[in-house]
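K.L.:
The following file, final27.csv, comprises CSV, C-alpha atoms:
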```
chain,number,residue,atom,x,y,z
A,1,MET,CA,-31.5,59.8,11.3
A,2,LYS,CA,-34.1,62.4,12.5
A,3,HIS,CA,-31.6,65.2,11.8
A,4,ALA,CA,-30.9,63.9,8.3
A,5,MET,CA,-34.6,63.9,7.5
A,6,ARG,CA,-35.0,67.4,8.7
A,7,SER,CA,-32.1,68.5,6.6
A,8,LEU,CA,-33.5,66.8,3.5
A,9,LEU,CA,-36.9,68.3,4.2
A,10,ALA,CA,-35.4,71.8,4.6
A,11,ILE,CA,-33.4,71.4,1.3
A,12,PHE,CA,-36.5,70.2,-0.5
A,13,LEU,CA,-38.6,73.1,0.8
A,14,PHE,CA,-36.0,75.7,-0.1
A,15,SER,CA,-35.6,74.2,-3.6
A,16,SER,CA,-39.4,74.2,-4.1
A,17,VAL,CA,-39.7,77.8,-3.1
A,18,SER,CA,-36.8,78.8,-5.3
A,19,VAL,CA,-38.3,77.1,-8.3
A,20,LEU,CA,-41.8,78.7,-7.6
A,21,ALA,CA,-40.2,82.1,-7.3
A,22,GLN,CA,-38.4,81.7,-10.6
A,23,LYS,CA,-41.6,80.6,-12.4
A,24,ALA,CA,-43.4,83.5,-10.9
A,25,THR,CA,-40.9,86.0,-12.4
A,26,ASP,CA,-41.2,84.2,-15.8
A,27,THR,CA,-45.0,84.5,-15.9
A,28,PRO,CA,-46.1,87.1,-18.5
A,29,VAL,CA,-47.6,90.2,-17.0
A,30,ILE,CA,-49.9,92.9,-18.3
A,31,GLU,CA,-49.7,96.2,-16.4
A,32,ASN,CA,-52.5,98.7,-17.1
A,33,VAL,CA,-51.4,102.2,-16.2
A,34,ASP,CA,-52.6,105.8,-16.5
A,35,ALA,CA,-50.9,108.4,-18.8
A,36,LYS,CA,-48.6,109.8,-16.2
A,37,LYS,CA,-47.3,106.4,-15.0
A,38,PHE,CA,-47.0,105.3,-18.7
A,39,ASN,CA,-44.8,108.4,-19.3
A,40,GLU,CA,-42.7,107.7,-16.2
A,41,LEU,CA,-42.1,104.1,-17.4
A,42,LEU,CA,-41.2,105.2,-20.9
A,43,GLU,CA,-38.4,107.3,-19.5
A,44,LYS,CA,-36.6,104.1,-18.6
A,45,LYS,CA,-36.1,103.5,-22.4
A,46,ASP,CA,-36.0,99.8,-21.7
A,47,GLY,CA,-38.5,98.4,-24.2
A,48,ILE,CA,-40.4,99.1,-27.4
A,49,LEU,CA,-43.3,101.5,-27.7
A,50,ILE,CA,-46.1,100.5,-30.1
A,51,ASP,CA,-48.8,102.8,-31.5
A,52,LEU,CA,-51.7,100.5,-32.5
A,53,ARG,CA,-53.8,103.2,-34.2
A,54,THR,CA,-54.6,103.7,-37.9
A,55,PRO,CA,-52.5,105.9,-40.1
A,56,GLY,CA,-55.4,108.5,-40.1
A,57,GLU,CA,-55.3,108.6,-36.3
A,58,ILE,CA,-51.5,108.9,-36.2
A,59,GLU,CA,-51.7,112.0,-38.4
A,60,LYS,CA,-53.2,113.8,-35.4
A,61,GLY,CA,-50.1,113.1,-33.3
A,62,PHE,CA,-48.2,110.3,-31.6
A,63,ILE,CA,-45.9,109.6,-28.7
A,64,LYS,CA,-42.2,110.1,-29.7
A,65,GLY,CA,-40.4,106.9,-30.4
A,66,SER,CA,-43.5,104.9,-31.3
A,67,VAL,CA,-43.4,102.1,-33.8
A,68,MET,CA,-46.6,102.2,-35.8
A,69,ILE,CA,-48.5,98.8,-36.1
A,70,ASP,CA,-52.1,99.3,-37.2
A,71,TYR,CA,-54.0,96.8,-35.1
A,72,THR,CA,-57.0,96.9,-37.5
A,73,ASP,CA,-54.8,95.5,-40.3
A,74,LYS,CA,-54.3,91.7,-40.4
A,75,SER,CA,-50.5,92.2,-40.7
A,76,TYR,CA,-50.2,93.1,-37.0
A,77,GLU,CA,-49.6,89.4,-36.1
A,78,LYS,CA,-46.5,89.3,-38.4
A,79,GLU,CA,-45.3,92.6,-37.0
A,80,PHE,CA,-45.7,91.5,-33.4
A,81,ALA,CA,-43.8,88.2,-34.3
A,82,LYS,CA,-40.7,90.4,-35.2
A,83,LEU,CA,-40.5,91.9,-31.7
A,84,ASN,CA,-38.3,90.9,-28.8
A,85,LYS,CA,-40.6,89.1,-26.3
A,86,ASP,CA,-38.2,89.6,-23.5
A,87,LYS,CA,-38.2,93.4,-23.5
A,88,PRO,CA,-41.0,95.4,-22.0
A,89,THR,CA,-43.6,96.2,-24.6
A,90,TYR,CA,-45.5,99.5,-24.2
A,91,VAL,CA,-48.8,99.7,-26.2
A,92,TYR,CA,-51.4,102.3,-26.8
A,93,CYS,CA,-54.3,103.2,-29.1
A,94,ALA,CA,-56.8,106.0,-29.1
A,95,GLY,CA,-58.9,105.1,-26.1
A,96,GLY,CA,-57.6,101.8,-24.6
A,97,GLY,CA,-59.8,99.2,-26.3
A,98,ARG,CA,-57.4,98.0,-29.0
A,99,SER,CA,-54.4,98.2,-26.7
A,100,GLY,CA,-56.2,96.2,-24.1
A,101,ASP,CA,-57.0,93.5,-26.7
A,102,ALA,CA,-53.4,93.6,-28.0
A,103,SER,CA,-52.0,93.3,-24.5
A,104,THR,CA,-53.9,90.0,-24.0
A,105,TYR,CA,-52.7,88.8,-27.5
A,106,LEU,CA,-49.1,89.7,-26.7
A,107,LYS,CA,-49.2,88.0,-23.3
A,108,GLU,CA,-50.8,84.8,-24.8
A,109,HIS,CA,-47.9,84.8,-27.4
A,110,GLY,CA,-45.1,84.9,-24.8
A,111,PHE,CA,-44.4,88.5,-24.3
A,112,LYS,CA,-42.9,88.8,-20.8
A,113,LYS,CA,-44.1,92.3,-19.8
A,114,VAL,CA,-46.8,94.4,-21.6
A,115,ILE,CA,-47.6,97.9,-20.3
A,116,ASN,CA,-50.9,99.2,-21.6
A,117,LEU,CA,-51.9,102.9,-21.6
A,118,GLU,CA,-55.3,102.4,-20.1
A,119,LYS,CA,-57.2,105.3,-21.5
A,120,GLY,CA,-55.2,105.6,-24.6
A,121,PHE,CA,-53.6,108.5,-26.6
A,122,ASN,CA,-56.7,110.7,-26.1
A,123,ASP,CA,-56.0,110.7,-22.3
A,124,TRP,CA,-52.3,111.2,-22.9
A,125,LYS,CA,-53.1,114.4,-24.8
A,126,LYS,CA,-55.7,115.5,-22.3
A,127,GLN,CA,-53.0,115.2,-19.5
A,128,GLY,CA,-50.8,117.6,-21.5
A,129,LEU,CA,-48.1,115.1,-22.2
A,130,PRO,CA,-45.7,115.5,-25.2
A,131,VAL,CA,-47.1,114.8,-28.7
A,132,GLU,CA,-45.2,114.6,-31.9
A,133,ILE,CA,-46.7,115.4,-35.3
A,134,LYS,CA,-45.5,113.8,-38.6
A,135,LYS,CA,-44.0,116.4,-40.9
```
Will you turn the file into structure tokens for me?

P.N.:
Amino acid sequence: MKHAMRSLLAIFLFSSVSVLAQKATDTPVIENVDAKKFNELLEKKDGILIDLRTPGEIEKGFIKGSVMIDYTDKSYEKEFAKLNKDKPTYVYCAGGGRSGDASTYLKEHGFKKVINLEKGFNDWKKQGLPVEIKK
């Protein structure tokens, strides 16, 4: 009887730990990174890259592969709703403020992993990382 109870307790504990570990991996995450780390992560090509700046700001350059969603325009919510919440979502703006806000919004709306360029596109350029210009 004592052995059976120990076995049941062991099974229960193992099951509980497994369930908690699964829930921990399902918890949405925001990762704030610097420009160099952001660039390294982008090289994986495993998610979607979103430029949250205005059209006027984008004219000065952008990161190749970016989808432009103006965070100052009310339509951003509709645009975000079209995205795959299960893929990593990389976000940036000019200095990190809008992308920080957008990261919180995305996390609250079920996006699994949001990677925020902490100091924004301005720091990206300052670090000498590649910039595309619309033609």

K.L.:
Between A:Tyr71, A:Phe62, A:Phe38, A:Tyr76, single out the one closest to A:Ser99, counting only C-alpha atoms.

P.N.:
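Among A:Tyr71, A:Phe62, A:Phe38, A:Tyr76, it is A:Tyr71 that comes nearest to A:Ser99.
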
K.L.:
Contacts between stretch 43-61 of chain A and stretch 65-114 of chain A, please, where a residue of stretch 65-114 of chain A counts if it comes within 10 Å (with all atoms listed in the file); show its shortest atom pair and distance in Å to one decimal, rows by chain and ascending number, as a Markdown table.

P.N.:
```
| residue | atom | partner | partner_atom | distance |
| --- | --- | --- | --- | --- |
| A:Gly65 | CA | A:Leu49 | CA | 6.7 |
| A:Ser66 | CA | A:Leu49 | CA | 5.0 |
| A:Val67 | CA | A:Ile50 | CA | 4.9 |
| A:Met68 | CA | A:Asp51 | CA | 4.9 |
| A:Ile69 | CA | A:Leu52 | CA | 5.1 |
| A:Asp70 | CA | A:Leu52 | CA | 4.9 |
| A:Tyr71 | CA | A:Leu52 | CA | 5.1 |
| A:Thr72 | CA | A:Thr54 | CA | 7.2 |
| A:Asp73 | CA | A:Thr54 | CA | 8.5 |
| A:Tyr76 | CA | A:Leu52 | CA | 8.8 |
| A:Phe80 | CA | A:Ile50 | CA | 9.6 |
| A:Leu83 | CA | A:Ile48 | CA | 8.4 |
| A:Asn84 | CA | A:Ile48 | CA | 8.6 |
| A:Lys85 | CA | A:Gly47 | CA | 9.8 |
| A:Asp86 | CA | A:Gly47 | CA | 8.8 |
| A:Lys87 | CA | A:Gly47 | CA | 5.1 |
| A:Pro88 | CA | A:Gly47 | CA | 4.5 |
| A:Thr89 | CA | A:Ile48 | CA | 5.1 |
| A:Tyr90 | CA | A:Leu49 | CA | 4.6 |
| A:Val91 | CA | A:Ile50 | CA | 4.8 |
| A:Tyr92 | CA | A:Asp51 | CA | 5.4 |
| A:Cys93 | CA | A:Leu52 | CA | 5.1 |
| A:Ala94 | CA | A:Arg53 | CA | 6.5 |
| A:Gly95 | CA | A:Arg53 | CA | 9.8 |
| A:Gly96 | CA | A:Leu52 | CA | 9.9 |
| A:Arg98 | CA | A:Leu52 | CA | 7.1 |
| A:Ser99 | CA | A:Leu52 | CA | 6.8 |
| A:Ala102 | CA | A:Leu52 | CA | 8.4 |
| A:Lys113 | CA | A:Gly47 | CA | 9.4 |
| A:Val114 | CA | A:Gly47 | CA | 9.6 |
```

K.L.:
Considering all atoms listed in the file, state which residue in the set A:Lys119, A:Lys64, A:His109, A:Lys78 is at the smallest distance from A:Val29.

P.N.:
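Checking each candidate against A:Val29, we get A:His109 as the closest.
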
K.L.:
What is the atom CA of A:Pro28 to atom CA of A:Lys82 distance in Å?

P.N.:
17.9 Å

K.L.:
What is the atom CA of A:Asp101 to atom CA of A:Glu40 distance in Å?

P.N.:
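Going from atom CA of A:Asp101 over to atom CA of A:Glu40 covers 22.7 Å.
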
K.L.:
Would you compute, for all listed atoms of stretch 64-78 of chain A, the axis-aligned bounding box grown by 8 Å on each side, and then report its centre and edge lengths in Å rounded to one decimal, as AutoDock Vina command-line options?

P.N.:
```
--center_x -48.7 --center_y 99.7 --center_z -35.2 --size_x 32.6 --size_y 36.8 --size_z 27.0
```

K.L.:
Check the smallest atom-to-atom distance from each of A:Lys36, A:Ile63, A:Leu41, A:Ala81 to A:Glu132 using only C-alpha atoms, then report the winner.

P.N.:
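When distances to A:Glu132 are compared using only C-alpha atoms, the smallest one comes from A:Ile63.
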
K.L.:
Which residue gives the smallest distance to A:Phe111 among A:Lys135, A:Val33, A:Leu129, A:Asp26, with only C-alpha atoms counted?

P.N.:
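Nearest candidate to A:Phe111 out of A:Lys135, A:Val33, A:Leu129, A:Asp26: A:Asp26.
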
K.L.:
What does the structure give for the distance between atom CA of A:Phe121 and atom CA of A:Tyr105, in Å to one decimal?

P.N.:
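Pair atom CA of A:Phe121 / atom CA of A:Tyr105 returns 19.7 Å.
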